[in-house]
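Q: Next up, entry30.cif (mmCIF, C-alpha atoms).
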```cif
data_final
loop_
_atom_site.group_PDB
_atom_site.id
_atom_site.type_symbol
_atom_site.label_atom_id
_atom_site.label_comp_id
_atom_site.auth_asym_id
_atom_site.auth_seq_id
_atom_site.Cartn_x
_atom_site.Cartn_y
_atom_site.Cartn_z
ATOM 1 C CA MET E 1 0.000 0.000 0.000
ATOM 2 C CA LEU E 2 2.815 2.409 0.885
ATOM 3 C CA GLY E 3 4.498 1.699 -2.452
ATOM 4 C CA LYS E 4 1.395 2.811 -4.376
ATOM 5 C CA ALA E 5 1.153 6.018 -2.344
ATOM 6 C CA VAL E 6 4.821 6.821 -2.991
ATOM 7 C CA CYS E 7 4.359 6.143 -6.715
ATOM 8 C CA ALA E 8 1.293 8.397 -6.772
ATOM 9 C CA VAL E 9 3.157 11.219 -5.016
ATOM 10 C CA LEU E 10 6.105 10.843 -7.395
ATOM 11 C CA ALA E 11 3.773 10.864 -10.409
ATOM 12 C CA VAL E 12 2.069 14.054 -9.209
ATOM 13 C CA GLY E 13 5.470 15.640 -8.553
ATOM 14 C CA ALA E 14 6.724 14.698 -12.010
ATOM 15 C CA ALA E 15 3.560 16.045 -13.634
ATOM 16 C CA THR E 16 3.890 19.320 -11.697
ATOM 17 C CA ALA E 17 7.561 19.694 -12.657
ATOM 18 C CA GLY E 18 6.686 18.974 -16.272
ATOM 19 C CA ALA E 19 3.942 21.587 -16.232
ATOM 20 C CA TRP E 20 6.303 24.219 -14.804
ATOM 21 C CA ALA E 21 8.896 23.364 -17.459
ATOM 22 C CA ILE E 22 6.293 23.885 -20.174
ATOM 23 C CA VAL E 23 5.255 27.231 -18.652
ATOM 24 C CA ALA E 24 8.902 28.363 -18.448
ATOM 25 C CA TRP E 25 9.498 27.341 -22.058
ATOM 26 C CA ALA E 26 6.339 29.101 -23.249
ATOM 27 C CA GLU E 27 7.257 32.288 -21.420
ATOM 28 C CA SER E 28 10.783 32.302 -22.807
ATOM 29 C CA ALA E 29 9.694 31.460 -26.354
ATOM 30 C CA HIS E 30 6.490 33.493 -26.459
ATOM 31 C CA GLY E 31 6.790 36.073 -23.720
ATOM 32 C CA THR E 32 9.266 38.066 -21.732
ATOM 33 C CA LEU E 33 11.648 35.978 -19.661
ATOM 34 C CA SER E 34 11.597 36.741 -15.936
ATOM 35 C CA CYS E 35 14.083 35.626 -13.314
ATOM 36 C CA SER E 36 14.752 35.900 -9.637
ATOM 37 C CA TRP E 37 18.034 37.720 -9.027
ATOM 38 C CA PRO E 38 18.911 40.412 -6.467
ATOM 39 C CA LEU E 39 18.661 43.817 -8.136
ATOM 40 C CA ARG E 40 17.984 47.330 -6.862
ATOM 41 C CA VAL E 41 15.473 49.038 -9.157
ATOM 42 C CA ARG E 42 15.115 52.739 -9.937
ATOM 43 C CA GLY E 43 13.058 54.646 -12.454
ATOM 44 C CA THR E 44 9.931 53.675 -14.311
ATOM 45 C CA ALA E 45 9.563 50.045 -15.325
ATOM 46 C CA THR E 46 6.968 47.306 -15.377
ATOM 47 C CA SER E 47 7.458 44.085 -13.441
ATOM 48 C CA THR E 48 8.051 42.403 -16.813
ATOM 49 C CA GLN E 49 10.922 44.767 -17.639
ATOM 50 C CA VAL E 50 12.426 44.347 -14.171
ATOM 51 C CA GLY E 51 12.211 40.556 -14.503
ATOM 52 C CA LEU E 52 14.093 40.713 -17.812
ATOM 53 C CA ALA E 53 16.794 42.924 -16.287
ATOM 54 C CA ARG E 54 17.197 40.391 -13.471
ATOM 55 C CA CYS E 55 17.688 37.629 -16.078
ATOM 56 C CA TYR E 56 20.251 39.754 -17.887
ATOM 57 C CA VAL E 57 22.329 40.408 -14.755
ATOM 58 C CA ARG E 58 22.056 36.737 -13.785
ATOM 59 C CA ALA E 59 23.207 35.666 -17.261
ATOM 60 C CA LEU E 60 26.175 38.026 -16.932
ATOM 61 C CA ALA E 61 27.102 36.809 -13.454
ATOM 62 C CA ASN E 62 26.904 33.162 -14.487
ATOM 63 C CA ARG E 63 28.440 33.680 -17.948
ATOM 64 C CA ASP E 64 25.429 31.743 -19.223
ATOM 65 C CA HIS E 65 25.388 31.861 -23.033
ATOM 66 C CA ALA E 66 21.964 30.190 -23.306
ATOM 67 C CA GLU E 67 20.323 32.626 -20.908
ATOM 68 C CA MET E 68 22.042 35.562 -22.602
ATOM 69 C CA ALA E 69 20.595 34.380 -25.931
ATOM 70 C CA ALA E 70 17.158 34.085 -24.312
ATOM 71 C CA VAL E 71 17.185 37.702 -23.066
ATOM 72 C CA ALA E 72 18.641 39.218 -26.259
ATOM 73 C CA ARG E 73 16.460 40.607 -29.016
ATOM 74 C CA ASP E 74 15.945 38.048 -31.723
ATOM 75 C CA LEU E 75 14.908 40.086 -34.775
ATOM 76 C CA PRO E 76 17.479 39.987 -36.281
ATOM 77 C CA PRO E 77 19.038 37.091 -34.353
ATOM 78 C CA ALA E 78 21.532 38.135 -31.686
ATOM 79 C CA HIS E 79 25.175 37.142 -31.853
ATOM 80 C CA ILE E 80 26.196 36.010 -28.377
ATOM 81 C CA THR E 81 29.929 36.568 -28.186
ATOM 82 C CA THR E 82 32.393 36.576 -25.309
ATOM 83 C CA GLY E 83 32.391 40.381 -25.548
ATOM 84 C CA LEU E 84 28.845 40.404 -24.175
ATOM 85 C CA PHE E 85 30.223 39.009 -20.918
ATOM 86 C CA ARG E 86 32.720 41.795 -20.259
ATOM 87 C CA TYR E 87 30.730 42.819 -17.169
ATOM 88 C CA SER E 88 30.568 39.292 -15.706
ATOM 89 C CA SER E 89 32.922 39.916 -12.803
ATOM 90 C CA ASP E 90 31.161 43.222 -12.132
ATOM 91 C CA ALA E 91 27.800 41.412 -11.986
ATOM 92 C CA ARG E 92 29.250 39.010 -9.404
ATOM 93 C CA ALA E 93 30.650 41.861 -7.259
ATOM 94 C CA GLY E 94 27.407 42.391 -5.342
ATOM 95 C CA LEU E 95 24.023 44.043 -5.605
ATOM 96 C CA ALA E 96 23.609 45.952 -8.875
ATOM 97 C CA THR E 97 21.249 48.873 -9.459
ATOM 98 C CA ALA E 98 19.162 49.000 -12.627
ATOM 99 C CA THR E 99 17.836 52.415 -13.641
ATOM 100 C CA PHE E 100 15.011 52.357 -16.179
ATOM 101 C CA THR E 101 14.310 55.424 -18.295
ATOM 102 C CA PRO E 102 11.446 55.385 -20.782
ATOM 103 C CA ASN E 103 12.210 56.729 -24.258
ATOM 104 C CA PRO E 104 10.048 59.852 -24.571
ATOM 105 C CA SER E 105 9.623 59.406 -28.323
ATOM 106 C CA ASP E 106 9.264 55.605 -28.576
ATOM 107 C CA SER E 107 7.205 53.541 -26.137
ATOM 108 C CA THR E 108 8.747 50.324 -27.517
ATOM 109 C CA TYR E 109 12.244 51.223 -26.292
ATOM 110 C CA LEU E 110 13.524 51.692 -22.765
ATOM 111 C CA TYR E 111 16.960 52.917 -21.714
ATOM 112 C CA LEU E 112 18.634 50.783 -19.063
ATOM 113 C CA THR E 113 21.648 51.760 -17.005
ATOM 114 C CA VAL E 114 23.153 49.098 -14.756
ATOM 115 C CA ARG E 115 25.476 50.242 -11.993
ATOM 116 C CA PHE E 116 27.300 47.269 -10.580
ATOM 117 C CA ALA E 117 28.365 47.089 -6.924
ATOM 118 C CA ASP E 118 31.996 47.774 -7.860
ATOM 119 C CA GLY E 119 30.983 51.081 -9.506
ATOM 120 C CA THR E 120 31.172 49.944 -13.133
ATOM 121 C CA ILE E 121 28.342 51.335 -15.251
ATOM 122 C CA GLU E 122 26.788 49.769 -18.341
ATOM 123 C CA HIS E 123 24.418 51.614 -20.667
ATOM 124 C CA THR E 124 22.083 49.448 -22.717
ATOM 125 C CA GLY E 125 18.392 49.175 -23.430
ATOM 126 C CA MET E 126 15.304 47.043 -23.874
ATOM 127 C CA LEU E 127 13.145 46.716 -26.941
ATOM 128 C CA ASN E 128 9.570 45.502 -27.221
ATOM 129 C CA MET E 129 9.811 43.115 -30.176
ATOM 130 C CA VAL E 130 6.485 44.393 -31.507
ATOM 131 C CA ALA E 131 8.578 47.271 -32.913
ATOM 132 C CA MET E 132 10.373 44.755 -35.130
ATOM 133 C CA GLY E 133 7.161 43.054 -36.273
ATOM 134 C CA GLY E 134 7.304 40.335 -33.624
ATOM 135 C CA ASP E 135 5.148 39.438 -30.639
ATOM 136 C CA SER E 136 4.809 41.896 -27.773
ATOM 137 C CA GLN E 137 7.713 40.770 -25.594
ATOM 138 C CA TRP E 138 10.634 42.684 -24.178
ATOM 139 C CA ARG E 139 14.229 41.728 -24.987
ATOM 140 C CA MET E 140 17.608 43.241 -24.201
ATOM 141 C CA ASP E 141 19.038 45.303 -27.018
ATOM 142 C CA ILE E 142 22.333 43.390 -27.192
ATOM 143 C CA GLY E 143 24.279 41.223 -29.606
ATOM 144 C CA GLN E 144 23.362 43.019 -32.803
ATOM 145 C CA PRO E 145 25.626 43.357 -35.849
ATOM 146 C CA GLY E 146 27.559 46.625 -35.877
ATOM 147 C CA GLU E 147 27.355 47.118 -32.107
ATOM 148 C CA PRO E 148 30.406 47.238 -29.863
ATOM 149 C CA ALA E 149 31.313 43.855 -28.351
ATOM 150 C CA GLY E 150 29.744 44.626 -24.977
ATOM 151 C CA GLN E 151 26.378 45.745 -26.324
#
```
Mind turning the file's structure into structure tokens?
A:
Amino acid sequence: MLGKAVCAVLAVGAATAGAWAIVAWAESAHGTLSCSWPLRVRGTATSTQVGLARCYVRALANRDHAEMAAVARDLPPAHITTGLFRYSSDARAGLATATFTPNPSDSTYLYLTVRFADGTIEHTGMLNMVAMGGDSQWRMDIGQPGEPAGQ
């Protein structure tokens, strides 16, 4: 009897884990990725934009190429190079501060300044992919042809 109960609990657990994996995949493929990562937030941003910034800083800190590709804009496809990780050690230095500044002339673009705990500052941005003809989802404006290696 105990064996059946354990099997049932394991089956429910596996089904729940599978469901969460599908939700995470759907959000990353069809929505804005959101992560849990310590980040001080300033300025005007939605919870969606803050969640994406958290993923970005986490990808930097962990030097995670897959996560960096997931947060980068994908129209045109991003080129994830080692240059995009130039702030990795800065991201690991402690609590970073993300300052969000809306673009006054374009609601699909947001300026993002990240001040890392060691004082290093990165200027980048976020783009709602609807501006590029895609679905309404925010992505980091990084890894595009013609940009400096760290952008």
Q: Here is a test: counting only C-alpha atoms, which residue of E:Ser107, E:Thr48, E:Gln137, E:Thr81 is nearest to Asp64 in chain E?
A: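 Under the stated criterion, the closest residue is E:Thr81.
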Q: As a check of understanding, name the residues that the PyMOL selection byres ((chain E and resi 125-136) around 7) selects in the supplied structure, as an NGL selection string.
A: :E and (75 or 108-112 or 124 or 137-141)
Q: For this file, the PyMOL selection byres ((chain E and resi 42) around 12) selects which residues, as a PyMOL selection string?
A: chain E and resi 39-41+43-46+49-50+53+96-102+111-115
Q: Which residues, named as in the file, does the PyMOL selection byres ((chain E and resi 116) around 9) pick out? Answer as a list in words.
A: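 When the PyMOL selection byres ((chain E and resi 116) around 9) is applied to the shown file, the picked residues are Tyr87, Asp90, Ala91, Arg92, Ala93, Gly94, Leu95, Ala96, Thr97, Ala98, Val114, Arg115, Ala117, Asp118, Gly119, Thr120, Ile121 and Glu122 of chain E.
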Q: Quick one, how far is CA of Trp37 in chain E from CA of Ala61 in chain E?
A: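 Computed distance, CA of Trp37 in chain E to CA of Ala61 in chain E, equals 10.1 Å.
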Q: To box range 108-118 of chain E, take all atoms listed in the file, fit an axis-aligned box, add 4 Å on each side, and give centre and edge lengths in Å to one decimal, as AutoDock Vina command-line options.
A:
```
--center_x 20.4 --center_y 50.0 --center_z -17.2 --size_x 31.2 --size_y 13.8 --size_z 28.6
```
Q: As an exercise, work out the distance from CA of Gly51 in chain E to CA of Leu33 in chain E in Å and give it to one decimal place.
A: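 Taking CA of Gly51 in chain E as the start and CA of Leu33 in chain E as the end point, the length is 6.9 Å.
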Q: In Å, how far is it from CA of Leu60 in chain E to CA of Leu84 in chain E?
A: 8.1 Å
Q: Smallest atom-to-atom distance to Ala72 in chain E: which of E:Arg86, E:Ala59, E:Pro38, E:His123, using all atoms listed in the file?
A: E:Ala59
Q: Produce range 44-89 of chain E of the given structure as output with C-alpha atoms, as a PDB file, in the first residue's frame.
A:
```
ATOM      1  CA  THR E  44       9.931  53.675 -14.311  1.00  0.00           C
ATOM      2  CA  ALA E  45       9.563  50.045 -15.325  1.00  0.00           C
ATOM      3  CA  THR E  46       6.968  47.306 -15.377  1.00  0.00           C
ATOM      4  CA  SER E  47       7.458  44.085 -13.441  1.00  0.00           C
ATOM      5  CA  THR E  48       8.051  42.403 -16.813  1.00  0.00           C
ATOM      6  CA  GLN E  49      10.922  44.767 -17.639  1.00  0.00           C
ATOM      7  CA  VAL E  50      12.426  44.347 -14.171  1.00  0.00           C
ATOM      8  CA  GLY E  51      12.211  40.556 -14.503  1.00  0.00           C
ATOM      9  CA  LEU E  52      14.093  40.713 -17.812  1.00  0.00           C
ATOM     10  CA  ALA E  53      16.794  42.924 -16.287  1.00  0.00           C
ATOM     11  CA  ARG E  54      17.197  40.391 -13.471  1.00  0.00           C
ATOM     12  CA  CYS E  55      17.688  37.629 -16.078  1.00  0.00           C
ATOM     13  CA  TYR E  56      20.251  39.754 -17.887  1.00  0.00           C
ATOM     14  CA  VAL E  57      22.329  40.408 -14.755  1.00  0.00           C
ATOM     15  CA  ARG E  58      22.056  36.737 -13.785  1.00  0.00           C
ATOM     16  CA  ALA E  59      23.207  35.666 -17.261  1.00  0.00           C
ATOM     17  CA  LEU E  60      26.175  38.026 -16.932  1.00  0.00           C
ATOM     18  CA  ALA E  61      27.102  36.809 -13.454  1.00  0.00           C
ATOM     19  CA  ASN E  62      26.904  33.162 -14.487  1.00  0.00           C
ATOM     20  CA  ARG E  63      28.440  33.680 -17.948  1.00  0.00           C
ATOM     21  CA  ASP E  64      25.429  31.743 -19.223  1.00  0.00           C
ATOM     22  CA  HIS E  65      25.388  31.861 -23.033  1.00  0.00           C
ATOM     23  CA  ALA E  66      21.964  30.190 -23.306  1.00  0.00           C
ATOM     24  CA  GLU E  67      20.323  32.626 -20.908  1.00  0.00           C
ATOM     25  CA  MET E  68      22.042  35.562 -22.602  1.00  0.00           C
ATOM     26  CA  ALA E  69      20.595  34.380 -25.931  1.00  0.00           C
ATOM     27  CA  ALA E  70      17.158  34.085 -24.312  1.00  0.00           C
ATOM     28  CA  VAL E  71      17.185  37.702 -23.066  1.00  0.00           C
ATOM     29  CA  ALA E  72      18.641  39.218 -26.259  1.00  0.00           C
ATOM     30  CA  ARG E  73      16.460  40.607 -29.016  1.00  0.00           C
ATOM     31  CA  ASP E  74      15.945  38.048 -31.723  1.00  0.00           C
ATOM     32  CA  LEU E  75      14.908  40.086 -34.775  1.00  0.00           C
ATOM     33  CA  PRO E  76      17.479  39.987 -36.281  1.00  0.00           C
ATOM     34  CA  PRO E  77      19.038  37.091 -34.353  1.00  0.00           C
ATOM     35  CA  ALA E  78      21.532  38.135 -31.686  1.00  0.00           C
ATOM     36  CA  HIS E  79      25.175  37.142 -31.853  1.00  0.00           C
ATOM     37  CA  ILE E  80      26.196  36.010 -28.377  1.00  0.00           C
ATOM     38  CA  THR E  81      29.929  36.568 -28.186  1.00  0.00           C
ATOM     39  CA  THR E  82      32.393  36.576 -25.309  1.00  0.00           C
ATOM     40  CA  GLY E  83      32.391  40.381 -25.548  1.00  0.00           C
ATOM     41  CA  LEU E  84      28.845  40.404 -24.175  1.00  0.00           C
ATOM     42  CA  PHE E  85      30.223  39.009 -20.918  1.00  0.00           C
ATOM     43  CA  ARG E  86      32.720  41.795 -20.259  1.00  0.00           C
ATOM     44  CA  TYR E  87      30.730  42.819 -17.169  1.00  0.00           C
ATOM     45  CA  SER E  88      30.568  39.292 -15.706  1.00  0.00           C
ATOM     46  CA  SER E  89      32.922  39.916 -12.803  1.00  0.00           C
TER      47      SER E  89
END
```
